[in-house]
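Chemist: Provided herewith: input24.csv, CSV, C-alpha atoms and all ligand atoms.
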```
chain,number,residue,atom,x,y,z
A,1,MET,CA,2.6,13.8,-36.3
A,2,GLU,CA,1.6,11.1,-33.8
A,3,ALA,CA,-0.2,9.3,-36.5
A,4,GLY,CA,-1.4,6.4,-34.3
A,5,MET,CA,-3.2,8.6,-31.7
A,6,HIS,CA,-5.1,10.6,-34.3
A,7,LYS,CA,-6.5,7.6,-36.1
A,8,ILE,CA,-10.2,7.2,-35.5
A,9,VAL,CA,-10.7,5.0,-32.5
A,10,ASN,CA,-13.0,2.1,-33.2
A,11,ASP,CA,-15.8,1.9,-30.6
A,12,THR,CA,-14.8,-1.7,-29.7
A,13,HIS,CA,-11.4,-0.5,-28.5
A,14,PRO,CA,-11.1,0.0,-24.8
A,15,SER,CA,-10.7,3.6,-23.6
A,16,ARG,CA,-7.4,5.1,-22.6
A,17,ASP,CA,-8.7,5.4,-19.0
A,18,ILE,CA,-9.1,1.6,-18.8
A,19,ILE,CA,-5.7,1.0,-20.4
A,20,LEU,CA,-4.2,3.4,-17.9
A,21,LYS,CA,-5.5,1.1,-15.1
A,22,MET,CA,-4.2,-2.1,-16.7
A,23,PRO,CA,-1.3,-3.7,-14.8
A,24,LYS,CA,1.8,-3.3,-17.0
A,25,ILE,CA,5.3,-4.8,-17.5
A,26,GLU,CA,8.1,-2.5,-18.5
A,27,VAL,CA,11.6,-3.7,-19.3
A,28,HIS,CA,12.9,-0.8,-21.3
A,29,ARG,CA,12.7,2.6,-19.5
A,30,HIS,CA,15.4,5.1,-18.8
A,31,LEU,CA,15.2,6.8,-15.4
A,32,GLU,CA,16.8,9.9,-17.0
A,33,GLY,CA,13.8,10.1,-19.4
A,34,THR,CA,11.0,9.5,-17.0
A,35,TYR,CA,11.1,12.4,-14.5
A,36,PRO,CA,7.7,13.8,-13.8
A,37,ILE,CA,7.8,17.3,-15.4
A,38,LYS,CA,6.4,19.1,-12.3
A,39,SER,CA,9.0,17.5,-10.1
A,40,LEU,CA,11.8,18.4,-12.6
A,41,PHE,CA,10.5,22.0,-12.7
A,42,LYS,CA,10.4,22.2,-8.9
A,43,MET,CA,14.0,20.9,-8.7
A,44,ALA,CA,15.2,23.3,-11.4
A,45,MET,CA,13.7,26.3,-9.6
A,46,LYS,CA,15.2,25.2,-6.3
A,47,ASN,CA,18.6,24.9,-8.0
A,48,ASN,CA,18.2,28.3,-9.7
A,49,LEU,CA,18.9,26.8,-13.1
A,50,ASP,CA,18.8,28.9,-16.2
A,51,VAL,CA,15.6,27.5,-17.5
A,52,PRO,CA,12.1,29.0,-18.4
A,53,SER,CA,10.4,30.0,-15.2
A,54,ASP,CA,6.9,29.1,-16.3
A,55,ILE,CA,6.1,25.5,-16.4
A,56,ASP,CA,4.5,25.4,-19.9
A,57,THR,CA,7.5,26.9,-21.6
A,58,PHE,CA,9.7,24.7,-19.5
A,59,LYS,CA,7.7,21.6,-20.6
A,60,LYS,CA,8.0,22.6,-24.2
A,61,THR,CA,11.8,23.2,-23.9
A,62,PHE,CA,12.5,19.8,-22.4
A,63,GLN,CA,10.1,17.5,-24.3
A,64,PHE,CA,10.1,16.4,-27.9
A,65,PRO,CA,7.6,18.9,-29.5
A,66,LYS,CA,4.1,17.7,-30.2
A,67,ASN,CA,3.5,17.2,-34.0
A,68,HIS,CA,7.2,17.6,-34.8
A,69,LYS,CA,8.6,15.4,-37.5
A,70,PRO,CA,10.9,12.5,-36.4
A,71,ASP,CA,14.4,13.8,-35.5
A,72,PHE,CA,16.9,11.6,-33.7
A,73,LEU,CA,19.3,14.4,-32.8
A,74,LEU,CA,16.5,16.6,-31.5
A,75,PHE,CA,15.3,13.7,-29.4
A,76,LEU,CA,18.7,13.1,-27.9
A,77,SER,CA,19.2,16.9,-27.3
A,78,LYS,CA,16.3,16.8,-24.8
A,79,PHE,CA,18.4,14.8,-22.3
A,80,LYS,CA,20.2,17.2,-20.0
A,81,LYS,CA,22.7,16.6,-17.3
A,82,PHE,CA,22.6,20.0,-15.5
A,83,TRP,CA,19.7,19.2,-13.2
A,84,TYR,CA,21.5,17.9,-10.1
A,85,LYS,CA,23.4,19.8,-7.5
A,86,SER,CA,23.6,17.2,-4.7
A,87,ILE,CA,22.9,13.6,-4.0
A,88,ASP,CA,19.6,14.7,-2.5
A,89,ASP,CA,18.5,15.9,-5.9
A,90,VAL,CA,19.2,12.4,-7.3
A,91,LYS,CA,17.2,10.9,-4.5
A,92,TYR,CA,14.3,13.4,-4.9
A,93,ILE,CA,13.9,12.9,-8.7
A,94,THR,CA,14.2,9.1,-8.3
A,95,LEU,CA,11.6,9.1,-5.7
A,96,LYS,CA,9.2,11.1,-7.7
A,97,SER,CA,9.8,9.0,-10.9
A,98,VAL,CA,9.2,5.7,-9.1
A,99,GLU,CA,6.1,7.0,-7.3
A,100,ALA,CA,4.7,8.1,-10.7
A,101,LEU,CA,4.9,4.5,-12.0
A,102,ALA,CA,1.9,3.8,-9.8
A,103,ASP,CA,-0.2,6.3,-11.8
A,104,GLU,CA,-0.2,4.1,-14.8
A,105,ASN,CA,-0.2,0.8,-12.9
A,106,ILE,CA,3.2,-0.5,-13.7
A,107,PHE,CA,3.4,-4.0,-12.1
A,108,TYR,CA,7.0,-4.8,-12.8
A,109,ILE,CA,9.8,-2.6,-14.1
A,110,GLU,CA,13.4,-3.0,-15.0
A,111,LEU,CA,14.5,0.6,-14.6
A,112,ARG,CA,17.8,1.6,-16.2
A,113,PHE,CA,20.1,4.4,-15.5
A,114,ASN,CA,23.6,5.5,-16.3
A,115,PRO,CA,25.5,6.4,-13.1
A,116,LEU,CA,27.8,8.6,-15.1
A,117,HIS,CA,24.9,10.7,-16.3
A,118,PHE,CA,24.6,12.1,-12.7
A,119,THR,CA,28.3,12.6,-12.1
A,120,GLU,CA,29.5,14.3,-15.3
A,121,LEU,CA,28.6,17.8,-14.3
A,122,THR,CA,28.8,17.3,-10.5
A,123,ASN,CA,31.4,15.9,-8.1
A,124,LEU,CA,29.1,13.1,-7.1
A,125,ASP,CA,30.6,9.6,-6.8
A,126,PRO,CA,29.1,7.0,-9.2
A,127,CYS,CA,28.9,4.4,-6.5
A,128,GLU,CA,27.1,6.8,-4.2
A,129,VAL,CA,24.7,7.7,-7.0
A,130,THR,CA,24.0,4.0,-7.8
A,131,GLN,CA,23.4,3.2,-4.2
A,132,ALA,CA,21.1,6.3,-3.8
A,133,ILE,CA,19.0,5.4,-6.8
A,134,ILE,CA,18.6,1.8,-5.9
A,135,GLU,CA,17.8,2.5,-2.2
A,136,THR,CA,15.3,5.3,-3.0
A,137,GLY,CA,13.7,3.3,-5.8
A,138,ASP,CA,13.3,0.2,-3.7
A,139,SER,CA,11.8,2.1,-0.8
A,140,ALA,CA,9.3,4.0,-3.1
A,141,ALA,CA,8.5,0.7,-4.9
A,142,LYS,CA,7.7,-1.1,-1.7
A,143,LYS,CA,5.3,1.6,-0.6
A,144,ILE,CA,3.3,1.5,-3.8
A,145,GLY,CA,3.5,-2.3,-4.2
A,146,LEU,CA,5.6,-2.2,-7.4
A,147,HIS,CA,8.1,-4.9,-8.4
A,148,ILE,CA,11.4,-3.3,-9.5
A,149,ARG,CA,14.9,-4.3,-10.6
A,150,TYR,CA,17.6,-2.1,-12.1
A,151,ILE,CA,19.8,-2.1,-15.2
A,152,LEU,CA,23.1,-0.2,-15.5
A,153,THR,CA,23.4,1.7,-18.7
A,154,PHE,CA,26.8,2.4,-20.4
A,155,ASN,CA,26.9,5.0,-23.2
A,156,ARG,CA,28.8,4.0,-26.3
A,157,GLY,CA,29.5,7.7,-27.3
A,158,ILE,CA,31.0,8.6,-24.0
A,159,GLN,CA,33.2,5.7,-23.0
A,160,THR,CA,35.5,3.3,-24.7
A,161,ALA,CA,35.3,-0.4,-23.8
A,162,ASN,CA,38.3,-0.1,-21.5
A,163,GLU,CA,36.7,2.9,-19.7
A,164,MET,CA,33.5,0.9,-19.3
A,165,ILE,CA,35.5,-1.9,-17.8
A,166,HIS,CA,37.0,0.5,-15.3
A,167,THR,CA,33.6,2.0,-14.4
A,168,TYR,CA,32.0,-1.5,-14.2
A,169,LYS,CA,34.7,-2.6,-11.7
A,170,LEU,CA,34.4,0.6,-9.7
A,171,LEU,CA,30.6,0.1,-9.5
A,172,HIS,CA,31.1,-3.2,-7.7
A,173,ASN,CA,31.9,-1.1,-4.6
A,174,SER,CA,28.1,-0.5,-4.5
A,175,ASP,CA,25.6,-3.2,-3.6
A,176,LEU,CA,24.5,-4.4,-7.0
A,177,SER,CA,22.3,-7.3,-5.8
A,178,ARG,CA,19.2,-5.5,-7.2
A,179,VAL,CA,20.8,-4.9,-10.5
A,180,VAL,CA,19.9,-7.6,-13.1
A,181,GLY,CA,21.4,-6.3,-16.3
A,182,ILE,CA,24.0,-4.2,-18.2
A,183,ASP,CA,22.8,-2.1,-21.1
A,184,LEU,CA,24.6,-0.5,-24.0
A,185,ALA,CA,22.9,2.8,-25.2
A,186,GLY,CA,23.8,5.8,-27.2
A,187,ASP,CA,24.8,6.5,-30.8
A,188,GLU,CA,24.9,3.1,-32.5
A,189,ILE,CA,25.7,4.6,-35.9
A,190,ASN,CA,29.1,6.0,-35.0
A,191,TYR,CA,29.9,3.5,-32.2
A,192,PRO,CA,28.9,0.0,-33.5
A,193,PRO,CA,28.7,-2.9,-31.1
A,194,GLU,CA,31.9,-4.6,-32.1
A,195,LEU,CA,33.9,-1.8,-30.4
A,196,PHE,CA,32.6,-3.0,-27.0
A,197,THR,CA,33.4,-6.7,-27.2
A,198,PRO,CA,36.0,-6.7,-24.4
A,199,PHE,CA,33.6,-5.1,-22.0
A,200,PHE,CA,30.7,-7.5,-22.7
A,201,ASP,CA,33.1,-10.5,-22.7
A,202,LEU,CA,33.9,-9.5,-19.2
A,203,VAL,CA,30.2,-9.1,-18.2
A,204,LYS,CA,29.4,-12.5,-19.7
A,205,LYS,CA,32.3,-14.1,-18.0
A,206,ASP,CA,31.3,-12.7,-14.6
A,207,GLY,CA,27.8,-14.2,-15.1
A,208,GLN,CA,26.3,-11.8,-12.6
A,209,PHE,CA,24.2,-9.8,-15.0
A,210,ARG,CA,22.2,-10.3,-18.2
A,211,ILE,CA,23.0,-8.2,-21.3
A,212,ASP,CA,20.7,-5.7,-23.0
A,213,ILE,CA,21.9,-3.9,-26.2
A,214,HIS,CA,20.3,-1.0,-28.0
A,215,ALA,CA,20.6,-2.2,-31.6
A,216,GLY,CA,18.9,-2.0,-35.0
A,217,GLU,CA,17.0,1.1,-33.8
A,218,VAL,CA,18.4,3.4,-36.5
A,219,THR,CA,20.6,0.9,-38.3
A,220,ASP,CA,20.2,-2.3,-40.4
A,221,THR,CA,20.4,-5.7,-38.8
A,222,ASN,CA,24.2,-5.9,-38.8
A,223,ASN,CA,24.2,-4.3,-35.3
A,224,ILE,CA,21.7,-6.8,-34.0
A,225,TRP,CA,23.7,-9.7,-35.3
A,226,THR,CA,26.9,-8.4,-33.8
A,227,SER,CA,25.1,-7.7,-30.5
A,228,ILE,CA,24.0,-11.3,-30.3
A,229,ASP,CA,27.2,-12.9,-31.7
A,230,GLN,CA,29.8,-10.7,-30.1
A,231,LEU,CA,28.2,-8.9,-27.2
A,232,HIS,CA,26.2,-11.9,-25.9
A,233,ALA,CA,22.9,-9.9,-26.0
A,234,ASP,CA,20.1,-11.5,-24.0
A,235,ARG,CA,17.7,-8.8,-25.1
A,236,ILE,CA,17.7,-6.1,-27.8
A,237,GLY,CA,16.5,-2.5,-27.3
A,238,HIS,CA,14.2,-1.7,-30.3
A,239,GLY,CA,15.6,-3.9,-33.1
A,240,VAL,CA,13.0,-2.5,-35.5
A,241,SER,CA,15.1,-3.4,-38.5
A,242,ALA,CA,14.7,-7.1,-37.7
A,243,ILE,CA,11.5,-6.9,-39.7
A,244,ASN,CA,13.7,-7.0,-42.8
A,245,ASP,CA,15.7,-10.1,-41.9
A,246,PRO,CA,13.8,-13.4,-41.7
A,247,LYS,CA,17.1,-15.3,-40.9
A,248,LEU,CA,17.6,-13.1,-37.9
A,249,GLN,CA,14.0,-13.5,-36.9
A,250,ASN,CA,14.5,-17.3,-36.7
A,251,VAL,CA,17.6,-16.8,-34.5
A,252,LEU,CA,15.5,-14.5,-32.2
A,253,LYS,CA,12.8,-17.2,-32.0
A,254,GLU,CA,15.3,-20.0,-31.4
A,255,LYS,CA,17.2,-18.2,-28.7
A,256,GLN,CA,14.2,-16.4,-27.3
A,257,ILE,CA,15.9,-13.1,-27.5
A,258,PHE,CA,13.2,-10.4,-27.1
A,259,LEU,CA,13.0,-7.1,-28.9
A,260,ALA,CA,11.8,-4.4,-26.5
A,261,GLN,CA,10.0,-2.1,-28.9
A,262,CYS,CA,8.7,1.4,-28.2
A,263,ILE,CA,6.2,2.7,-30.7
A,264,THR,CA,6.3,6.4,-29.7
A,265,SER,CA,10.0,6.6,-29.2
A,266,ASN,CA,10.6,4.8,-32.5
A,267,TYR,CA,8.5,7.4,-34.3
A,268,GLN,CA,10.2,10.4,-32.7
A,269,THR,CA,13.7,9.2,-33.3
A,270,GLY,CA,12.9,8.3,-36.8
A,271,ALA,CA,13.5,4.6,-36.2
A,272,TRP,CA,10.1,3.9,-37.7
A,273,GLU,CA,8.3,6.9,-39.1
A,274,ASP,CA,4.8,5.5,-39.5
A,275,GLU,CA,3.2,4.3,-36.3
A,276,PRO,CA,0.3,2.4,-37.9
A,277,SER,CA,2.7,0.2,-39.8
A,278,HIS,CA,5.1,-0.3,-36.9
A,279,PRO,CA,6.8,-3.8,-37.3
A,280,MET,CA,5.7,-4.9,-33.9
A,281,LYS,CA,2.5,-6.3,-35.2
A,282,ASP,CA,4.0,-8.5,-37.9
A,283,LEU,CA,6.9,-9.6,-35.7
A,284,VAL,CA,4.5,-10.6,-32.9
A,285,GLU,CA,2.2,-12.4,-35.4
A,286,SER,CA,5.1,-14.3,-36.8
A,287,GLY,CA,6.2,-15.5,-33.4
A,288,VAL,CA,9.3,-13.3,-32.8
A,289,PRO,CA,9.6,-12.5,-29.1
A,290,VAL,CA,8.6,-8.9,-28.6
A,291,THR,CA,7.8,-6.8,-25.6
A,292,ILE,CA,6.1,-3.4,-25.6
A,293,ALA,CA,8.0,-0.7,-23.8
A,294,SER,CA,8.0,3.1,-23.4
A,295,ASP,CA,11.7,4.2,-23.4
A,296,ASP,CA,11.6,7.8,-22.3
A,297,PRO,CA,8.0,8.9,-21.4
A,298,THR,CA,8.9,12.4,-20.2
A,299,ILE,CA,11.0,13.3,-23.3
A,300,GLN,CA,8.2,11.8,-25.4
A,301,ASP,CA,5.3,13.4,-23.5
A,302,SER,CA,3.7,10.1,-23.7
A,303,LEU,CA,3.1,7.2,-21.3
A,304,LEU,CA,3.5,3.4,-21.7
A,305,THR,CA,-0.3,3.6,-21.7
A,306,ASP,CA,-0.2,5.5,-24.9
A,307,ASP,CA,2.1,2.9,-26.5
A,308,TYR,CA,-0.5,0.2,-25.5
A,309,MET,CA,-3.2,2.4,-27.0
A,310,LYS,CA,-1.3,2.7,-30.2
A,311,ALA,CA,-0.9,-1.0,-30.4
A,312,ILE,CA,-4.5,-1.6,-29.8
A,313,VAL,CA,-5.8,1.0,-32.2
A,314,ASN,CA,-3.2,0.5,-35.0
A,315,PHE,CA,-2.9,-3.2,-34.9
A,316,ASN,CA,-6.5,-3.8,-34.1
A,317,TRP,CA,-5.5,-5.7,-30.9
A,318,ASN,CA,-7.7,-6.0,-27.9
A,319,ILE,CA,-7.0,-6.1,-24.2
A,320,ASP,CA,-6.4,-9.8,-24.3
A,321,SER,CA,-3.8,-9.4,-27.0
A,322,ILE,CA,-1.9,-7.0,-24.6
A,323,ILE,CA,-2.4,-9.3,-21.6
A,324,GLN,CA,-1.0,-12.3,-23.6
A,325,LEU,CA,2.0,-10.1,-24.8
A,326,ASN,CA,2.6,-9.1,-21.2
A,327,LEU,CA,2.4,-12.7,-19.9
A,328,LYS,CA,5.0,-13.6,-22.5
A,329,SER,CA,7.0,-10.6,-21.6
A,330,PHE,CA,7.9,-12.2,-18.2
A,331,ASP,CA,10.3,-14.3,-20.3
A,332,SER,CA,11.9,-11.1,-21.5
A,333,THR,CA,12.8,-10.1,-18.0
A,334,PHE,CA,16.1,-10.7,-16.3
A,335,LEU,CA,14.5,-12.4,-13.3
A,336,THR,CA,15.3,-16.0,-12.4
A,337,ASN,CA,12.8,-18.7,-13.5
A,338,GLN,CA,11.5,-19.0,-10.0
A,339,GLU,CA,11.0,-15.2,-9.7
A,340,LYS,CA,9.3,-15.2,-13.1
A,341,ASP,CA,6.8,-17.9,-12.1
A,342,LYS,CA,6.0,-16.2,-8.8
A,343,LEU,CA,5.4,-12.8,-10.4
A,344,LYS,CA,3.4,-14.3,-13.3
A,345,LYS,CA,0.9,-15.8,-10.8
A,346,GLU,CA,0.7,-12.5,-9.0
A,347,TYR,CA,0.3,-10.6,-12.3
A,348,LEU,CA,-2.6,-12.9,-13.3
A,349,LEU,CA,-4.4,-12.1,-10.0
A,350,SER,CA,-4.0,-8.4,-10.6
A,351,ILE,CA,-5.3,-8.8,-14.1
A,352,GLU,CA,-8.3,-10.7,-12.8
A,353,SER,CA,-9.2,-7.9,-10.4
A,354,PHE,CA,-8.6,-5.3,-13.2
A,355,LYS,CA,-10.9,-7.2,-15.5
A,356,ASN,CA,-13.5,-7.6,-12.7
A,357,LYS,CA,-13.4,-3.9,-11.9
A,358,PHE,CA,-14.1,-2.9,-15.4
A,359,ARG,CA,-16.4,-5.8,-16.2
A,360,LEU,CA,-14.1,-6.9,-19.1
B,401,ZN,ZN,16.4,3.1,-24.7
```
Would you mind giving the structure from this file in C-alpha cells?
Ligand SMILES: [Zn+2]

Modeler:
Amino acid sequence: MEAGMHKIVNDTHPSRDIILKMPKIEVHRHLEGTYPIKSLFKMAMKNNLDVPSDIDTFKKTFQFPKNHKPDFLLFLSKFKKFWYKSIDDVKYITLKSVEALADENIFYIELRFNPLHFTELTNLDPCEVTQAIIETGDSAAKKIGLHIRYILTFNRGIQTANEMIHTYKLLHNSDLSRVVGIDLAGDEINYPPELFTPFFDLVKKDGQFRIDIHAGEVTDTNNIWTSIDQLHADRIGHGVSAINDPKLQNVLKEKQIFLAQCITSNYQTGAWEDEPSHPMKDLVESGVPVTIASDDPTIQDSLLTDDYMKAIVNFNWNIDSIIQLNLKSFDSTFLTNQEKDKLKKEYLLSIESFKNKFRL
C-alpha cells in the first residue's frame, strides 16, 4: 500500500498540482527507469516486441503493481533490456524521457544510465550509446530550459571490478565532458562494495568524476561505511539504514556526504516499508545532509512530485521546507562551486516566480 498517499491530506498542505509546478532538483534518477510509458509502448509496437498490445495491460506488466506489498526482486524484474533495436531507439527514448522532465518542472538533474544496459541484447557500441544519450539529452534539455549533467552507472551484479575498469577506459573514447559522476548500482547484498575497490581507486585517482554509491538501501550501515572508506563515496544512494547509526550520521555531517533518498522507491523495494515513518524526516531534522529524489518514476508509477507530496504530508513539512531542502541539495550535486552558485541564484529566481504565480 502506498501508505503516504492515502493519509488524509491536511487542508494546509499545498495541492499536488502546485507541487507539480514547483522547480525541482533531482540527483538520483535512472534513465532506464524514467521512460514515459506511452513512448515506451510506441517503441515496443514499432519493434514488434512480444508485449501486451493494449497500453493498460502493457503499463501493468512493466510497472510495479499499485497496492502491491514491497518486493525488491519484483521491483528489479521490471527493468527490461529488450526494448532497443537500433541507436535511433536509444535516441528516441532518451528524447522523450528528457522532454517529460519539463512536465514536472525539473530545474536541474543528474541523469544516470548504464551504457551496457543498452548493449547487452544488441550489437550497439557502448561509446556510441553514451554519446547518443548525452547529445540527445543535451539538445532536449536546451529546448526546455533544463540544466542537465550525467552519471555513468556500473552494475555490481553484472561486472567485476576489472571488467568495470575495462569498460571505464573504453568509455573514454566518448566525449565525457558532460559526465559528472560514476555510480555503483545493483545487488548490494550479494556484491558488497569492497569487491569494487580497485575500480573506484582508479576513478578517484583520475579525479575526473565524483563518486556515487548505492548503499545501505537494503543492508545495514556496513555497506555505507565501506563505500565511504574504501570506494571514496561523495554521495550515497538511499542509505536508509543510516538512521540506526549515530556515529555514521556524524561522519556524513562532517564530510557533507549526502544521502539521496527516495520515499516511493524505498517503499516498493522494501528498503523502508512504512512511508509515514521514513527516516528522511529525522535525518534532515538532525542535520544529516539529505536530498529527496525519485529513482525510477516509470517503474514506480510515481513522479518526483509524489515523493515531495509524501514528504509534505507525512512529515508535516510545507513548501518552504522543500525549498530549503532543495537549496541545500545544490551542495549534493557534482557541479563545481562556481556552477552551484550560479544555478542556486537562477533557482531562487524561478522559485520566486513560482511563488508569485501561486500567491504562496
Ligand atoms: Zn538508484

Chemist: Give me the residues near Ile93 in chain A as a list in words, where near means some atom within 9 Å (using all atoms listed in the file) and where sequence neighbours in that chain fewer than 2 positions away do not count.

Modeler: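 Contacts, with the query itself left out: Tyr35, Pro36, Ser39, Leu40, Met43, Asp88, Asp89, Val90, Lys91, Leu95, Lys96, Ser97 and Val98 of chain A.
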
Chemist: For Val218 in chain A, find every residue with an atom within 10 Å (counting all atoms listed in the file), except residues of its own chain fewer than 6 positions away, and show them as a PyMOL selection string.

Modeler: chain A and resi 72+187-189+238-241+266+269-272

Chemist: Tell me which protein, DNA and RNA residues are within 8 Å of range 116-120 of chain A, counting all atoms listed in the file, leaving out same-chain ones fewer than 5 positions away, and put them as a VMD selection string.

Modeler: chain A and resid 81 84 90 125 to 126 129

Chemist: So which one's closest to Lys78 in chain A, A:Gly33, A:Leu349, A:Asn123, A:Ala293? Using all atoms listed in the file, please.

Modeler: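 The answer is A:Gly33, which sits nearest to Lys78 in chain A.
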
Chemist: How would you report the residues lying within 12 Å of ligand ZN 401 (chain B), as number ranges by chain, if you count all atoms listed in the file?

Modeler: A: 26-34, 75-76, 110-114, 151-155, 183-188, 212-218, 235-239, 259-266, 269, 271, 293-297, 299-300

Chemist: Which residue is closest to Ile224 in chain A? Choose from A:Ile312, A:Leu146, A:Ile322, A:Leu248 and count all atoms listed in the file.

Modeler: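 When distances to Ile224 in chain A are compared using all atoms listed in the file, the smallest one comes from A:Leu248.
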
Chemist: Quote the spacing between CA of Ser286 in chain A and CA of Arg210 in chain A in Å to one decimal place.

Modeler: 25.6 Å

Chemist: For each of A:Gln208, A:Thr291, A:Asn105, A:Asn337, take the minimum atom-to-atom distance to Ile182 in chain A, counting only C-alpha atoms, then give the residue where this is smallest.

Modeler: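 Of A:Gln208, A:Thr291, A:Asn105, A:Asn337, the one nearest Ile182 in chain A is A:Gln208, counting only C-alpha atoms.
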
Chemist: Write out as an MDAnalysis selection string each polymer residue whose atoms come within 9 Å of Ala102 in chain A, counting only C-alpha atoms; drop sequence neighbours fewer than 6 positions from it.

Modeler: chainID A and resid 141 144:146

Chemist: What gap, in Å, lies between CA of Phe200 in chain A and CA of Asn173 in chain A?

Modeler: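 Value for the CA of Phe200 in chain A-CA of Asn173 in chain A distance: 19.2 Å.
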
Chemist: Nearest to Phe209 in chain A: which of A:Gln131, A:Asn314, A:Asn326, A:Ser177 is it, counting all atoms listed in the file?

Modeler: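 Among the listed residues, A:Ser177 lies closest to Phe209 in chain A.
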
Chemist: Please compute the CA of Thr12 in chain A-CA of Ser277 in chain A distance, one decimal, in Å.

Modeler: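 Distance reported for this atom pair: 20.3 Å.
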
Chemist: So which one's closest to Asp229 in chain A, A:Arg359, A:Pro289, A:Lys205, A:Thr197? Using all atoms listed in the file, please.

Modeler: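 Answer, going by the shortest atom-to-atom distance: A:Thr197.
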
Chemist: Could you name the residues that touch Ile134 in chain A at 9 Å or less, counting only C-alpha atoms, but leaving out those on the same chain fewer than 2 positions away, as a PyMOL selection string?

Modeler: chain A and resi 94+129-132+136-139+149-150+175-176+178-179

Chemist: Taking into account only C-alpha atoms, which residue in the set A:Ile109, A:Leu343, A:Ile228, A:Ile87 is nearest to Ile211 in chain A?

Modeler: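 Smallest separation from Ile211 in chain A among the options: A:Ile228.
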
Chemist: Box in all listed atoms of range 247-264 of chain A, axis-aligned, with 6 Å more on each side; write out centre and edge lengths in Å to one decimal as AutoDock Vina command-line options.

Modeler:
```
--center_x 11.9 --center_y -6.8 --center_z -33.7 --size_x 23.4 --size_y 38.4 --size_z 26.4
```

Chemist: For the point (34.0, -8.1, -32.1) in the file's frame, write as a JSON list (two decimals) with C-alpha atoms, in the coordinates of the input all residues with an atom no more than 9 Å away, counting only C-alpha atoms.

Modeler:
```
[["chain", "number", "residue", "atom", "x", "y", "z"],
["A", 193, "PRO", "CA", 28.70, -2.90, -31.10],
["A", 194, "GLU", "CA", 31.90, -4.60, -32.10],
["A", 195, "LEU", "CA", 33.90, -1.80, -30.40],
["A", 196, "PHE", "CA", 32.60, -3.00, -27.00],
["A", 197, "THR", "CA", 33.40, -6.70, -27.20],
["A", 198, "PRO", "CA", 36.00, -6.70, -24.40],
["A", 226, "THR", "CA", 26.90, -8.40, -33.80],
["A", 229, "ASP", "CA", 27.20, -12.90, -31.70],
["A", 230, "GLN", "CA", 29.80, -10.70, -30.10],
["A", 231, "LEU", "CA", 28.20, -8.90, -27.20]]
```

Chemist: Writing N, CA and C atoms and nothing else, produce range 302-315 of chain A as a JSON list (two decimals), in the first residue's frame.

Modeler:
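Final output, saved to out.json:
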```
[["chain", "number", "residue", "atom", "x", "y", "z"],
["A", 302, "SER", "N", 5.07, 6.73, -10.39],
["A", 302, "SER", "CA", 5.03, 7.80, -9.41],
["A", 302, "SER", "C", 6.10, 8.83, -9.79],
["A", 303, "LEU", "N", 5.78, 10.11, -9.68],
["A", 303, "LEU", "CA", 6.75, 11.14, -10.06],
["A", 303, "LEU", "C", 7.52, 11.65, -8.84],
["A", 304, "LEU", "N", 8.57, 12.43, -9.11],
["A", 304, "LEU", "CA", 9.28, 13.10, -8.00],
["A", 304, "LEU", "C", 8.27, 13.97, -7.23],
["A", 305, "THR", "N", 7.32, 14.53, -7.96],
["A", 305, "THR", "CA", 6.24, 15.32, -7.34],
["A", 305, "THR", "C", 5.57, 14.52, -6.21],
["A", 306, "ASP", "N", 5.35, 13.23, -6.45],
["A", 306, "ASP", "CA", 4.68, 12.40, -5.44],
["A", 306, "ASP", "C", 5.57, 12.19, -4.22],
["A", 307, "ASP", "N", 6.88, 12.10, -4.45],
["A", 307, "ASP", "CA", 7.80, 11.99, -3.31],
["A", 307, "ASP", "C", 7.78, 13.28, -2.49],
["A", 308, "TYR", "N", 7.72, 14.42, -3.18],
["A", 308, "TYR", "CA", 7.61, 15.70, -2.47],
["A", 308, "TYR", "C", 6.31, 15.73, -1.65],
["A", 309, "MET", "N", 5.23, 15.27, -2.28],
["A", 309, "MET", "CA", 3.93, 15.27, -1.59],
["A", 309, "MET", "C", 3.97, 14.38, -0.35],
["A", 310, "LYS", "N", 4.61, 13.23, -0.49],
["A", 310, "LYS", "CA", 4.69, 12.32, 0.65],
["A", 310, "LYS", "C", 5.48, 12.95, 1.79],
["A", 311, "ALA", "N", 6.55, 13.66, 1.44],
["A", 311, "ALA", "CA", 7.33, 14.33, 2.48],
["A", 311, "ALA", "C", 6.49, 15.41, 3.16],
["A", 312, "ILE", "N", 5.75, 16.16, 2.35],
["A", 312, "ILE", "CA", 4.93, 17.25, 2.90],
["A", 312, "ILE", "C", 3.84, 16.70, 3.82],
["A", 313, "VAL", "N", 3.14, 15.68, 3.34],
["A", 313, "VAL", "CA", 2.01, 15.16, 4.10],
["A", 313, "VAL", "C", 2.48, 14.36, 5.32],
["A", 314, "ASN", "N", 3.43, 13.44, 5.08],
["A", 314, "ASN", "CA", 3.82, 12.54, 6.17],
["A", 314, "ASN", "C", 4.69, 13.22, 7.23],
["A", 315, "PHE", "N", 5.52, 14.16, 6.79],
["A", 315, "PHE", "CA", 6.45, 14.78, 7.75],
["A", 315, "PHE", "C", 5.91, 16.12, 8.26]]
```
